[in-house]
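Presented below is the structure to which this report refers.
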Amino acid sequence: MLIPLTRETFEELIPAIATGAQYAYYGGKIDKILKRVLISVAGIGLLTLTANALPDNWRPFLLIIGIIFGLYWLWGPVASASRENYQCRRYKYSGFWQGEVWDVFVTEEVVGTKETVSPRGELVIVENRERRLNLEVGDETGFSTRVLVPLRKEHKAIAPGDIAEMVVMSNRTDLGRIAKVSDIYLPRIDFWISDYPYLRRDLFVEISQQMEELNTPRPRKKRTRRAEEFR
């Protein structure tokens, strides 16, 4: 099932400014926080040195730039998440997609490398591997896509045949060629599969429930005895 979404709904699902979950994705880990703090300190230090070499009439501009650098540790995640959201919002058309889980399996992926020196003095490249969940979803039209996310114990509950829902994006009005997909929602277990949280999940679940109600056939009312008598 593929139902086009209005531009207004799409922009509510993927807002221009970062949501709380998106901010946490880019700003939550201590190593990322320390990196941004170092950039802020380095920026302020550079501006301080520059200020001594410039005329006094430049001081107000340097002050503004200094405030921007000084608060980089705070607004950096907002800028990163907003840039990520823009990569979705630049597509002209979108749709609510519902299919099913075709396959689910685990692989080991290389997530980084590190160079070290062996006892013999030889350069050795060590691969950092992590177990990843591979989730393949598709529908009756033949469309399919696969996502890789870090493995979690909750993934054991996923089974082939589960209903899968997401937002798809395209530059074609008929959505005939899907260019990008969002995070995937599995309503049976009320669970999300994603790395980056593209969607406002509360709103998407609400839309999902509305779609389910529209596609659920209403039971026919039984005729009463009086209705049969006056046919």
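In the structure tokens, the first chain shown is A, the next is B, and so on; residue numbers restart at 1 for each chain, and ligands run from 1 in the order shown.
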Show me, as a tab-separated table, the residues of stretch 115-210 of chain A having an atom within 7 Å of stretch 100-103 of chain A, each with the closest atom pair and its distance in Å, using only C-alpha atoms.
```
residue	atom	partner	partner_atom	distance
A:Leu135	CA	A:Asp103	CA	6.1
A:Glu136	CA	A:Asp103	CA	5.1
A:Val137	CA	A:Val101	CA	4.4
A:Gly138	CA	A:Glu100	CA	5.8
A:Asp139	CA	A:Glu100	CA	6.3
A:Pro160	CA	A:Val101	CA	4.9
A:Gly161	CA	A:Val101	CA	5.1
A:Asp162	CA	A:Val101	CA	5.3
A:Ile163	CA	A:Glu100	CA	4.3
A:Ala164	CA	A:Glu100	CA	4.8
```
With N, CA, C and O atoms retained, write the just-selected residues as a compact mmCIF listing (two decimals), in the first residue's frame.
```txt
# COMPACT_ATOMS: atom_id res chain seq x y z
N LEU A 135 17.41 -5.68 7.96
CA LEU A 135 15.95 -5.82 7.83
C LEU A 135 15.56 -5.48 6.40
O LEU A 135 15.80 -4.37 5.93
N GLU A 136 14.99 -6.46 5.71
CA GLU A 136 14.51 -6.23 4.35
C GLU A 136 13.00 -6.20 4.35
O GLU A 136 12.34 -7.11 4.85
N VAL A 137 12.44 -5.13 3.80
CA VAL A 137 10.99 -4.98 3.71
C VAL A 137 10.60 -4.79 2.26
O VAL A 137 11.38 -4.29 1.44
N GLY A 138 9.37 -5.18 1.91
CA GLY A 138 8.90 -5.03 0.54
C GLY A 138 7.40 -5.15 0.46
O GLY A 138 6.71 -5.35 1.47
N ASP A 139 6.87 -5.00 -0.76
CA ASP A 139 5.42 -5.10 -0.94
C ASP A 139 5.10 -5.89 -2.20
O ASP A 139 5.99 -6.41 -2.87
N PRO A 160 9.58 -12.43 9.94
CA PRO A 160 9.14 -12.24 8.55
C PRO A 160 7.62 -12.29 8.47
O PRO A 160 6.97 -13.12 9.11
N GLY A 161 7.05 -11.41 7.68
CA GLY A 161 5.60 -11.32 7.56
C GLY A 161 5.00 -10.21 8.39
O GLY A 161 3.83 -9.86 8.20
N ASP A 162 5.76 -9.65 9.33
CA ASP A 162 5.26 -8.52 10.12
C ASP A 162 4.97 -7.33 9.22
O ASP A 162 5.70 -7.07 8.25
N ILE A 163 3.92 -6.61 9.53
CA ILE A 163 3.62 -5.38 8.80
C ILE A 163 4.72 -4.36 9.07
O ILE A 163 5.17 -4.20 10.21
N ALA A 164 5.16 -3.66 8.02
CA ALA A 164 6.18 -2.63 8.13
C ALA A 164 5.67 -1.35 7.47
O ALA A 164 5.05 -1.41 6.40
```
For a quick check of understanding, using only C-alpha atoms, which of A:Gly95, A:Gly45, A:Pro150, A:Pro15 has the smallest distance to A:Glu108?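 Residue with the minimum atom-to-atom distance to A:Glu108: A:Pro150.
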Just the residues within 9 Å of stretch 189-204 of chain A, please, counting only C-alpha atoms, with nothing from its chain fewer than 5 positions along; format it as a list in words. Glu12, Leu13, Ile14, Pro15, Thr19, Ala21, Gln22, Tyr25, Glu84, Asn85, Cys88, Leu135, Val147, Leu148, Val149, Pro150, Glu154, His155, Ala157, Ile158, Asp162, Met166, Val167, Ser182, Asp183, Ile184 and Gln209 of chain A
Select, from A:Gly76, A:Pro55, A:Val126, A:Ile207, the residue with the minimum atom-to-atom distance to A:Lys35, counting only C-alpha atoms. A:Gly76
I'd like to know which of A:Ala81, A:Lys92, A:Leu151, A:Arg36 is closest to A:Asp174, using only C-alpha atoms. A:Lys92
